[in-house]
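Next comes target-v9.txt, a file with compact mmCIF, C-alpha atoms and all ligand atoms.
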```txt
# COMPACT_ATOMS: atom_id res chain seq x y z
CA MET A 161 37.82 -4.64 14.27
CA LYS A 162 37.66 -1.31 12.45
CA LEU A 163 37.15 -3.18 9.23
CA ASN A 164 34.33 -5.14 10.79
CA LEU A 165 32.57 -1.97 11.83
CA THR A 166 32.92 -0.47 8.38
CA PHE A 167 31.42 -3.63 6.99
CA ILE A 168 28.50 -3.40 9.41
CA LEU A 169 27.82 0.21 8.48
CA LEU A 170 28.08 -0.60 4.80
CA ILE A 171 25.44 -3.29 5.11
CA LEU A 172 23.19 -0.99 7.11
CA PHE A 173 23.33 1.61 4.38
CA PHE A 174 22.94 -0.96 1.67
CA GLY A 175 19.22 -0.71 2.38
CA CYS A 176 19.01 2.79 1.01
CA LYS A 177 18.80 1.99 -2.67
CA ASN A 178 18.24 4.75 -5.13
CA GLN A 179 15.50 4.63 -7.70
CA GLU A 180 16.77 5.29 -11.18
CA ASP A 181 14.72 7.68 -13.19
CA ILE A 182 13.20 6.59 -16.44
CA ASN A 183 12.29 9.24 -18.90
CA LEU A 184 8.59 8.88 -19.38
CA SER A 185 6.56 10.72 -21.92
CA ILE A 186 3.55 8.87 -23.17
CA GLU A 187 1.94 9.54 -26.51
CA ASN A 188 -1.45 11.19 -26.43
CA LEU A 189 -4.24 8.85 -25.43
CA PRO A 190 -6.94 8.27 -28.07
CA SER A 191 -9.76 10.81 -27.94
CA LYS A 192 -12.47 8.16 -27.91
CA THR A 193 -12.90 7.10 -24.28
CA ILE A 194 -13.14 3.36 -24.86
CA ASP A 195 -9.98 3.43 -26.99
CA ALA A 196 -8.16 5.39 -24.32
CA GLN A 197 -9.32 2.88 -21.72
CA ARG A 198 -8.05 0.00 -23.84
CA GLU A 199 -4.70 1.76 -24.11
CA ILE A 200 -4.53 2.41 -20.37
CA VAL A 201 -5.28 -1.20 -19.44
CA SER A 202 -2.79 -2.34 -22.05
CA VAL A 203 0.06 -0.30 -20.56
CA LEU A 204 -0.86 -0.95 -16.94
CA THR A 205 -0.78 -4.70 -17.50
CA GLY A 206 2.42 -4.89 -19.49
CA ASN A 207 0.58 -5.80 -22.67
CA LYS A 208 2.20 -2.70 -24.12
CA LYS A 209 5.53 -1.22 -23.05
CA LEU A 210 5.41 1.85 -20.85
CA SER A 211 8.59 3.19 -22.41
CA THR A 212 11.34 1.77 -24.56
CA ASP A 213 13.03 0.33 -21.52
CA TYR A 214 10.25 -0.38 -19.06
CA THR A 215 7.20 -2.63 -18.97
CA ILE A 216 4.78 -2.76 -16.05
CA ASN A 217 4.56 -6.51 -15.52
CA SER A 218 2.78 -6.22 -12.22
CA ARG A 219 2.17 -3.44 -9.73
CA THR A 220 3.65 -4.82 -6.56
CA THR A 221 7.18 -3.66 -5.85
CA PRO A 222 7.94 -0.04 -4.94
CA LYS A 223 9.46 0.48 -8.40
CA GLU A 224 6.46 -1.01 -10.20
CA ARG A 225 4.08 1.08 -8.15
CA LEU A 226 6.11 4.20 -8.79
CA MET A 227 6.02 3.63 -12.54
CA THR A 228 2.28 2.98 -12.36
CA ARG A 229 1.73 6.29 -10.58
CA ARG A 230 3.84 8.11 -13.11
CA TYR A 231 1.80 6.67 -15.94
CA LEU A 232 -1.53 7.49 -14.29
CA SER A 233 -0.27 10.95 -13.59
CA GLU A 234 0.63 11.46 -17.24
CA ALA A 235 -2.77 10.17 -18.33
CA LEU A 236 -4.57 12.62 -16.02
CA ASN A 237 -2.28 15.47 -17.06
CA GLN A 238 -3.54 14.92 -20.57
CA LEU A 239 -7.00 15.79 -19.25
CA ASN A 240 -5.48 18.97 -17.79
CA LEU A 241 -5.73 17.51 -14.30
CA LYS A 242 -2.87 17.97 -11.88
CA THR A 243 -2.07 15.04 -9.65
CA LEU A 244 -1.02 15.06 -6.02
CA GLU A 245 0.63 12.37 -3.96
CA HIS A 246 -0.34 11.31 -0.49
CA ASP A 247 2.56 9.50 1.17
CA TYR A 248 1.86 7.47 4.25
CA ARG A 249 3.35 5.07 6.74
CA GLU A 250 1.14 2.63 8.60
CA PRO A 251 1.80 0.02 11.28
CA ASN A 252 1.36 -3.66 10.47
CA SER A 253 -1.73 -5.65 11.26
CA ASN A 254 -0.26 -6.78 14.58
CA VAL A 255 2.47 -5.79 16.99
CA PHE A 256 4.35 -9.00 16.51
CA ILE A 257 4.92 -8.10 12.85
CA ASP A 258 5.76 -4.53 13.87
CA LEU A 259 8.60 -5.94 15.94
CA LEU A 260 9.91 -7.95 13.00
CA VAL A 261 9.71 -5.54 10.08
CA SER A 262 9.29 -1.89 9.09
CA PRO A 263 5.95 -0.14 8.77
CA PHE A 264 3.98 -0.10 5.53
CA LYS A 265 5.12 2.65 3.25
CA GLY A 266 3.08 3.74 0.27
CA THR A 267 1.67 6.51 -1.85
CA ASN A 268 -1.87 7.26 -2.94
CA LEU A 269 -2.24 9.33 -6.08
CA TYR A 270 -5.13 11.74 -6.46
CA THR A 271 -6.51 14.60 -8.47
CA ILE A 272 -9.30 17.06 -7.92
CA ILE A 273 -11.78 18.16 -10.54
CA PRO A 274 -12.89 21.42 -9.00
CA SER A 275 -16.50 22.51 -8.89
CA THR A 276 -17.41 25.34 -11.25
CA ILE A 277 -19.48 26.98 -8.49
CA GLU A 278 -17.67 27.46 -5.21
CA SER A 279 -18.10 24.46 -2.97
CA ASP A 280 -16.26 22.74 -0.13
CA GLU A 281 -17.97 19.45 -0.77
CA TYR A 282 -16.28 16.50 -2.45
CA VAL A 283 -17.45 13.35 -4.16
CA LEU A 284 -14.69 10.78 -3.95
CA LEU A 285 -14.09 8.10 -6.57
CA GLY A 286 -11.36 5.60 -5.92
CA ALA A 287 -9.71 2.44 -7.17
CA HIS A 288 -6.61 0.61 -6.02
CA TYR A 289 -3.65 0.44 -8.38
CA ASP A 290 -1.56 -2.30 -6.80
CA THR A 291 -1.71 -5.99 -7.65
CA ALA A 292 -0.86 -9.26 -6.01
CA ARG A 293 2.67 -10.47 -6.69
CA ASN A 294 3.53 -11.41 -10.26
CA CYS A 295 0.05 -10.59 -11.53
CA PRO A 296 -0.66 -8.24 -14.43
CA GLY A 297 -3.92 -7.31 -12.70
CA ALA A 298 -5.95 -6.41 -15.77
CA ASN A 299 -9.36 -7.03 -14.26
CA ASP A 300 -8.07 -6.40 -10.75
CA ASN A 301 -7.68 -3.49 -10.97
CA ALA A 302 -6.52 -1.85 -14.21
CA SER A 303 -10.14 -2.05 -15.36
CA ALA A 304 -11.30 0.24 -12.56
CA MET A 305 -8.42 2.66 -13.10
CA ALA A 306 -9.49 2.93 -16.75
CA LEU A 307 -13.05 3.49 -15.55
CA LEU A 308 -11.90 6.36 -13.35
CA TYR A 309 -10.01 7.88 -16.27
CA GLY A 310 -13.18 7.70 -18.38
CA VAL A 311 -15.37 9.21 -15.67
CA ALA A 312 -12.80 11.95 -14.95
CA LYS A 313 -12.74 12.84 -18.62
CA LYS A 314 -16.51 13.03 -18.89
CA ILE A 315 -17.01 14.90 -15.62
CA SER A 316 -14.39 17.51 -16.59
CA ASN A 317 -16.60 18.35 -19.54
CA VAL A 318 -19.73 18.94 -17.48
CA PRO A 319 -20.22 22.73 -17.71
CA VAL A 320 -21.76 23.36 -14.29
CA ARG A 321 -20.54 21.38 -11.28
CA GLN A 322 -21.76 22.15 -7.80
CA LYS A 323 -19.35 19.80 -6.06
CA ASN A 324 -15.68 18.93 -6.36
CA VAL A 325 -14.78 15.48 -7.55
CA MET A 326 -11.76 13.77 -6.08
CA ILE A 327 -10.29 10.86 -8.03
CA VAL A 328 -7.98 8.65 -5.98
CA PHE A 329 -5.77 5.72 -6.87
CA PHE A 330 -5.07 3.72 -3.73
CA ASP A 331 -1.86 1.94 -2.98
CA GLN A 332 -1.62 -1.43 -1.17
CA GLU A 333 -5.24 -2.56 -1.27
CA GLU A 334 -4.02 -6.11 -1.63
CA GLU A 335 -2.43 -5.77 1.79
CA ASP A 336 -5.34 -5.25 4.09
CA LEU A 337 -6.52 -2.01 2.42
CA VAL A 338 -3.58 -0.09 3.81
CA GLY A 339 -3.63 2.70 1.20
CA SER A 340 -7.32 3.51 1.43
CA ARG A 341 -7.26 3.32 5.22
CA ALA A 342 -4.45 5.86 5.26
CA PHE A 343 -6.34 8.07 2.82
CA ALA A 344 -9.56 7.93 4.84
CA LYS A 345 -7.59 9.00 7.92
CA TYR A 346 -6.01 11.80 5.91
CA LEU A 347 -9.43 13.10 4.83
CA LYS A 348 -10.61 13.02 8.42
CA LYS A 349 -7.52 14.85 9.64
CA LYS A 350 -7.85 17.51 6.97
CA ASP A 351 -11.55 17.79 7.71
CA TYR A 352 -12.67 17.32 4.12
CA LYS A 353 -16.40 17.53 3.63
CA ILE A 354 -17.21 14.34 1.77
CA HIS A 355 -20.58 13.85 0.12
CA SER A 356 -19.95 10.20 -0.72
CA VAL A 357 -17.22 7.71 -1.51
CA HIS A 358 -17.50 5.34 -4.47
CA THR A 359 -14.77 2.74 -4.84
CA PHE A 360 -14.31 0.46 -7.84
CA ASP A 361 -12.73 -2.94 -7.93
CA GLN A 362 -12.87 -5.34 -10.91
CA ILE A 363 -14.92 -3.86 -13.72
CA GLY A 364 -13.84 -6.00 -16.64
CA TRP A 365 -15.67 -9.30 -16.77
CA ASP A 366 -19.10 -9.97 -18.25
CA LYS A 367 -19.28 -13.50 -19.63
CA ASP A 368 -23.09 -13.54 -19.61
CA LEU A 369 -23.14 -10.23 -21.53
CA ASP A 370 -25.88 -8.72 -19.39
CA LYS A 371 -23.85 -5.62 -18.41
CA ALA A 372 -24.95 -6.10 -14.81
CA VAL A 373 -23.09 -4.50 -11.92
CA GLU A 374 -23.14 -5.05 -8.20
CA ILE A 375 -23.23 -2.26 -5.68
CA GLU A 376 -21.85 -3.07 -2.29
CA LEU A 377 -23.31 -1.74 0.94
CA ALA A 378 -24.79 1.44 -0.50
CA THR A 379 -26.91 3.68 1.66
CA LYS A 380 -30.51 3.90 0.56
CA LYS A 381 -30.12 7.30 -1.03
CA LEU A 382 -27.09 6.33 -3.08
CA GLU A 383 -28.68 3.05 -4.09
CA GLU A 384 -31.67 4.96 -5.42
CA ILE A 385 -29.50 7.12 -7.65
CA TYR A 386 -27.65 4.10 -8.97
CA ARG A 387 -30.92 2.26 -9.61
CA GLU A 388 -32.47 5.20 -11.39
CA LYS A 389 -29.48 5.74 -13.69
CA ALA A 390 -29.06 2.02 -14.28
CA SER A 391 -32.64 1.62 -15.31
CA GLU A 392 -32.30 4.55 -17.74
CA LEU A 393 -29.31 2.79 -19.29
CA GLN A 394 -30.97 -0.64 -19.00
CA ILE A 395 -28.23 -1.99 -16.83
CA PRO A 396 -29.24 -4.65 -14.29
CA ILE A 397 -28.09 -3.79 -10.81
CA HIS A 398 -27.68 -6.04 -7.79
CA THR A 399 -26.95 -5.07 -4.25
CA THR A 400 -24.60 -7.10 -2.09
CA LYS A 401 -22.96 -6.88 1.29
CA VAL A 402 -19.39 -7.51 0.10
CA ASN A 403 -17.09 -5.55 2.35
CA SER A 404 -13.63 -6.76 1.41
CA THR A 405 -12.32 -3.81 -0.54
CA ASP A 406 -11.49 -0.11 -0.26
CA HIS A 407 -14.93 1.27 0.58
CA GLN A 408 -14.68 -0.50 3.93
CA SER A 409 -11.86 1.85 4.98
CA PHE A 410 -14.14 4.85 4.55
CA ARG A 411 -17.22 3.30 6.09
CA GLU A 412 -15.16 2.50 9.17
CA LEU A 413 -14.52 6.21 9.64
CA GLY A 414 -18.16 7.10 9.18
CA TYR A 415 -18.17 8.14 5.53
CA ASN A 416 -21.06 7.45 3.19
CA ALA A 417 -19.26 4.84 1.09
CA LEU A 418 -20.12 2.10 -1.37
CA GLY A 419 -18.37 -0.26 -3.75
CA ILE A 420 -19.05 -1.01 -7.41
CA THR A 421 -17.93 -4.19 -9.09
CA GLU A 422 -18.75 -6.76 -11.77
CA GLU A 423 -21.04 -9.59 -10.67
CA PHE A 424 -18.65 -10.72 -8.01
CA ALA A 425 -21.16 -12.25 -5.61
CA ASN A 426 -23.29 -13.54 -8.49
CA GLY A 427 -20.37 -15.48 -9.91
CA ASP A 428 -19.99 -13.69 -13.26
CA THR A 429 -16.52 -12.58 -12.31
CA THR A 430 -13.00 -13.26 -13.53
CA PRO A 431 -11.68 -16.67 -12.54
CA PHE A 432 -8.15 -15.26 -12.87
CA LYS A 433 -8.13 -12.82 -9.96
CA ASP A 434 -4.68 -12.63 -8.31
CA THR A 435 -3.12 -14.97 -10.87
CA PRO A 436 -0.72 -14.37 -13.77
CA LYS A 437 -3.68 -15.06 -16.08
CA ASP A 438 -5.47 -11.84 -15.16
CA THR A 439 -4.34 -10.39 -18.48
CA PHE A 440 -5.32 -7.62 -20.88
CA ASP A 441 -7.13 -9.90 -23.32
CA THR A 442 -9.58 -11.09 -20.65
CA VAL A 443 -11.03 -7.60 -20.18
CA ASP A 444 -14.42 -6.87 -21.74
CA PHE A 445 -14.10 -3.25 -22.86
CA GLU A 446 -17.74 -2.88 -23.88
CA TYR A 447 -18.70 -3.81 -20.36
CA LEU A 448 -16.14 -1.36 -19.01
CA GLU A 449 -17.62 1.33 -21.26
CA SER A 450 -21.15 0.55 -20.14
CA THR A 451 -20.17 0.73 -16.47
CA THR A 452 -18.20 3.94 -17.07
CA ASN A 453 -21.36 5.48 -18.52
CA LEU A 454 -23.41 4.38 -15.54
CA VAL A 455 -20.93 5.80 -13.05
CA PHE A 456 -20.65 9.00 -15.01
CA GLU A 457 -24.45 9.44 -14.98
CA VAL A 458 -24.57 8.85 -11.23
CA ILE A 459 -21.71 11.25 -10.44
CA ASN A 460 -23.06 13.79 -12.91
CA HIS A 461 -26.39 13.61 -11.10
CA ILE A 462 -24.70 14.13 -7.73
CA VAL A 463 -22.50 17.02 -8.80
CA THR A 464 -25.20 18.86 -10.69
CA GLN A 465 -27.72 18.59 -7.85
CA ASN A 466 -27.60 21.09 -5.08
CA MET B 91 39.82 -8.14 27.36
CA THR B 92 41.76 -5.35 25.72
CA ASN B 93 40.50 -1.82 26.00
CA LYS B 94 39.67 -1.73 22.35
CA SER B 95 37.56 -4.85 22.26
CA SER B 96 35.85 -3.82 25.46
CA THR B 97 34.82 -0.56 23.82
CA LEU B 98 33.58 -2.44 20.78
CA TYR B 99 31.44 -4.68 22.97
CA THR B 100 29.94 -1.60 24.65
CA VAL B 101 29.30 0.09 21.32
CA ILE B 102 27.57 -2.94 19.88
CA LEU B 103 25.45 -3.48 22.97
CA VAL B 104 24.39 0.16 23.17
CA LEU B 105 23.82 0.38 19.43
CA SER B 106 21.59 -2.69 19.43
CA LEU B 107 19.47 -1.19 22.22
CA PHE B 108 19.44 2.18 20.53
CA LEU B 109 18.21 0.70 17.24
CA PHE B 110 15.37 -1.02 19.09
CA LEU B 111 14.46 2.32 20.68
CA ILE B 112 14.40 3.96 17.26
CA LYS B 113 12.06 1.24 16.04
CA GLY B 114 9.88 1.92 19.07
CA PHE B 115 9.67 5.63 18.29
CA GLN B 116 9.07 4.94 14.62
CA TYR B 117 5.99 2.90 15.50
CA ALA B 118 4.82 5.14 18.33
CA VAL B 119 4.51 7.98 15.83
CA LEU B 120 2.18 5.75 13.84
CA GLY B 121 0.03 4.91 16.85
CA SER B 122 1.50 1.50 17.68
CA TYR B 123 2.99 1.90 21.15
CA ILE B 124 3.95 -1.58 22.27
CA PRO B 125 7.38 -1.64 20.56
CA LEU B 126 8.34 1.59 22.32
CA VAL B 127 7.08 0.35 25.67
CA LEU B 128 9.10 -2.85 25.28
CA ALA B 129 12.19 -0.93 24.21
CA LEU B 130 11.89 1.44 27.15
CA VAL B 131 11.41 -1.42 29.60
CA ILE B 132 14.49 -3.21 28.32
CA CYS B 133 16.62 -0.06 28.32
CA MET B 134 15.39 0.76 31.80
CA LEU B 135 16.35 -2.71 33.04
CA PHE B 136 19.83 -2.27 31.61
CA TYR B 137 20.13 1.15 33.18
CA LEU B 138 18.93 0.08 36.62
CA ASN B 139 21.23 -2.93 36.66
CA ARG B 140 24.23 -1.27 35.09
CA LYS B 141 26.33 -1.80 38.21
CA LYS B 142 25.08 -5.25 39.19
CA LYS B 143 27.30 -7.74 37.42
CA LYS B 144 25.10 -10.79 37.90
CA ALA B 145 21.89 -9.17 36.76
CA LEU B 146 23.64 -7.47 33.89
CA ASN B 147 25.04 -10.81 32.80
CA ILE B 148 21.55 -12.32 32.69
CA LEU B 149 20.15 -9.29 30.93
CA ILE B 150 22.77 -9.41 28.19
CA LYS B 151 22.15 -13.10 27.77
CA ILE B 152 18.42 -12.58 27.34
CA TRP B 153 18.90 -9.58 25.08
CA ALA B 154 21.37 -11.47 22.89
CA LEU B 155 18.99 -14.42 22.71
CA LEU B 156 16.15 -12.13 21.68
CA ILE B 157 18.31 -10.68 18.92
CA ILE B 158 19.20 -14.17 17.73
CA ILE B 159 15.55 -15.27 17.74
CA TRP B 160 14.55 -12.07 15.94
CA SER B 161 17.14 -12.64 13.22
CA LEU B 162 16.34 -16.31 12.83
CA LEU B 163 12.60 -15.65 12.59
CA ARG B 164 13.15 -13.05 9.90
CA LEU B 165 15.48 -15.35 7.99
CA LEU B 166 13.07 -18.24 8.34
CA ILE B 167 10.03 -16.29 7.19
CA GLY B 168 11.98 -14.71 4.34
CA THR B 169 13.22 -18.08 3.15
CA ALA B 170 9.85 -19.77 3.50
CA ASP B 171 8.39 -16.96 1.46
CA ARG B 172 10.81 -17.46 -1.39
CA PHE B 173 9.66 -21.07 -1.72
CA GLY B 174 5.95 -20.73 -1.00
CA LYS B 175 4.92 -17.98 -3.36
CA GLU B 176 1.60 -16.88 -1.94
CA LEU B 177 2.62 -17.27 1.67
CA MET B 178 2.35 -13.64 2.62
CA GLU B 179 2.01 -10.00 1.85
CA ASN B 180 4.25 -8.10 -0.55
CA HIS B 181 5.20 -5.86 2.31
CA LEU B 182 6.79 -8.69 4.28
CA GLN B 183 8.58 -9.93 1.23
CA GLU B 184 9.97 -6.49 0.58
CA ASN B 185 11.24 -6.35 4.13
CA LEU B 186 12.66 -9.83 4.16
CA GLY B 187 14.15 -9.86 0.68
CA VAL B 188 17.88 -9.68 -0.06
CA THR B 189 18.56 -6.49 1.90
CA GLY B 190 16.30 -7.63 4.71
CA SER B 191 18.10 -10.96 4.92
CA LEU B 192 21.49 -9.23 5.05
CA ILE B 193 20.25 -7.14 7.95
CA SER B 194 18.96 -10.29 9.67
CA LEU B 195 22.33 -11.97 9.18
CA LEU B 196 24.12 -8.95 10.56
CA PHE B 197 21.98 -9.02 13.69
CA LEU B 198 22.45 -12.75 13.98
CA VAL B 199 26.19 -12.09 14.18
CA VAL B 200 25.57 -9.29 16.69
CA GLY B 201 23.42 -11.64 18.78
CA PHE B 202 26.11 -14.33 18.89
CA TYR B 203 28.80 -11.73 19.50
CA LEU B 204 26.98 -10.41 22.57
CA PHE B 205 26.03 -13.89 23.75
CA ASN B 206 29.58 -15.31 23.62
CA LYS B 207 30.30 -16.35 27.19
CA LYS B 208 34.01 -15.59 27.23
CA ARG B 209 33.56 -12.16 25.72
CA ARG B 210 30.63 -11.38 28.02
CA GLN B 211 32.48 -12.40 31.18
CA GLN B 212 35.55 -10.46 30.17
CA TRP B 213 33.53 -7.37 29.46
CA LEU B 214 31.72 -7.62 32.80
CA ASN B 215 34.96 -7.91 34.73
ZN ZN C 501 -9.00 -5.56 -6.26
```
Show the structure stored in the file as structure tokens.
Amino acid sequence: MKLNLTFILLILFFGCKNQEDINLSIENLPSKTIDAQREIVSVLTGNKKLSTDYTINSRTTPKERLMTRRYLSEALNQLNLKTLEHDYREPNSNVFIDLLVSPFKGTNLYTIIPSTIESDEYVLLGAHYDTARNCPGANDNASAMALLYGVAKKISNVPVRQKNVMIVFFDQEEEDLVGSRAFAKYLKKKDYKIHSVHTFDQIGWDKDLDKAVEIELATKKLEEIYREKASELQIPIHTTKVNSTDHQSFRELGYNALGITEEFANGDTTPFKDTPKDTFDTVDFEYLESTTNLVFEVINHIVTQN
Amino acid sequence: MTNKSSTLYTVILVLSLFLFLIKGFQYAVLGSYIPLVLALVICMLFYLNRKKKKALNILIKIWALLIIIWSLLRLLIGTADRFGKELMENHLQENLGVTGSLISLLFLVVGFYLFNKKRRQQWLN
């Protein structure tokens, strides 16, 4: 009987697996933004090895997500930005599942580009970093992570900023927006003063080469800024009511939030979403660059205005 | 029933209830209260009937059955998931993977152990 009990305890503790550490030091990212973005998408999708002994094939398991965060963290560190982690636990979508399994457990990664003039106001830019199972997730959503890197880089170089910019990489979007929901709650709890929330999902497909973007559920004021900057850059802009991604989590808690994406509702969107074919070589980097410029102009406008 | 095996039966029964309570607290902290309410109700029923052999017998039977159903459901969902790739969330797969299945199996054994009529009767007497 004693043996049996030992066995039982052994199995119970079997669940506590330790994560081996992989030494990660990435070479400097190219100085040209579009080249850096290409590099980032390449590593995040397993097109290029992360280190000699690790390749990010998808961003689903705890280990894969950890390695993704470590890479993103390194990339931001190269811009002299420190990253912070927001760990959370969330219940499942219904009590029945709660009774069967453990709560969601995840980590959002974020960084703050501080204002140059004292301010307690934040503009939040976010993109999810997880993928569906066994998917490289190049378009969905390495493209948007690369966009955030590009915007962070450009915004850091703006000499006078009246607002802080918070860049967030959400965990577990593919699972009912768990990561962004947890982050929105966290902002509320910490009483952050948020000017607006801009979330990005799928910014890598432009078969018709028109550079068009869709903005989802923007308030009138935000839509105006996007329209103005888009017209300056000659980028067609469409508004839609798509609600199925991270910005929903923030709108639900009363934040001024919108989503930016490729022509998802219009149909000029990757046919490979959530499949193993969502690979590096399907990403249109000129389109990503064009959208990065648009978002930078919008955020620049917001942070330089009083 | 020997003293030793009687103690083991008690330990396993109490431990199984205790683990359910922990689960309840774990979720209550996150704002999902039903697991805790259920756990408290079940523990309360055990406590109130601790001296009534008949009721206790029924309670253990139900509790053991619930544990068996719980384990089987987890095993079933975990197995179905391994064959149908896109069946469900990563989170469920993580929970019902190899480690998760071992835990389910362990509780399946616990369920049958508690349910066993001979052992139950002996323990009650
Ligand atoms: Zn996505």
CA of Ser340 (chain A) sits from CA of Val203 (chain A) at a separation of 23.5 Å
Please extract the residues at most 8 Å from ligand ZN 501 (chain C), counting all atoms listed in the file, and provide them as a list in words, using the chain letters and residue numbers of this document.
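Checking all atoms listed in the file against ligand ZN 501 (chain C) at 8 Å gives His288, Thr291, Asp300, Asn301, Glu333, Glu334, Asp361, Gln362 and Thr405 of chain A.
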Chain B contacts to chain A at 7 Å (all atoms listed in the file) as a PyMOL selection string:
chain B and resi 117+120+122+124-125+160+164+179-181+185+189+193
Contact residues around region 149-153 of chain B with all atoms listed in the file at 12 Å, ignoring same-chain residues under 6 positions, as a ChimeraX atom specification:
/B:99-100,102-104,106-107,110,128-129,131-140,142-143,159-160,197,200-207,209-211,213-214
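The residue that comes closest to Val201 (chain A), out of A:Pro296, A:Asn426, A:His398, A:Lys367 and on the basis of all atoms listed in the file, is A:Pro296.
The nearest approach to His355 (chain A) among the residues A:Thr452, A:Asn324, A:Thr464, A:Ser211, with only C-alpha atoms taken into account, belongs to A:Asn324.
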Could you tell me how far CA of Leu413 (chain A) lies from CA of Glu376 (chain A), in Å and to one decimal?
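Value for the CA of Leu413 (chain A)-CA of Glu376 (chain A) distance: 16.8 Å.
The gap separating CA of Leu105 (chain B) from CA of Gly121 (chain B) is 24.4 Å, in Å to one decimal.
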Here is a test: counting only C-alpha atoms, which residue of A:Thr442, A:Asp280, A:Asp331, A:Asp195 is nearest to Thr228 (chain A)?
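Of the candidates, the smallest distance to Thr228 (chain A) is held by A:Asp331.
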Need to verify the contact set: Val283 (chain A), 12 Å, only C-alpha atoms, exclusion of same-chain residues closer than 4 positions in sequence. Can you return it as a ChimeraX atom specification?
/A:271-275,279,312,315,321-328,352-359,382,415-418,458-464
With distances taken over all atoms listed in the file, which of B:Leu130, B:Leu198, B:Ala145, B:Ser191 is nearest to Ile158 (chain B)?
B:Leu198
Show me the residues close to (-2.5, -5.9, -21.0) - anything with an atom within 7 Å, counting all atoms listed in the file - and format the list as a PyMOL selection string.
chain A and resi 201-208+298+439-441
Using all atoms listed in the file, determine which residues lie at most 6 Å from Thr435 (chain A), disregarding the query and same-chain residues fewer than 3 positions distant; provide the list as a list in words.
Cys295, Phe432 and Asp438 of chain A
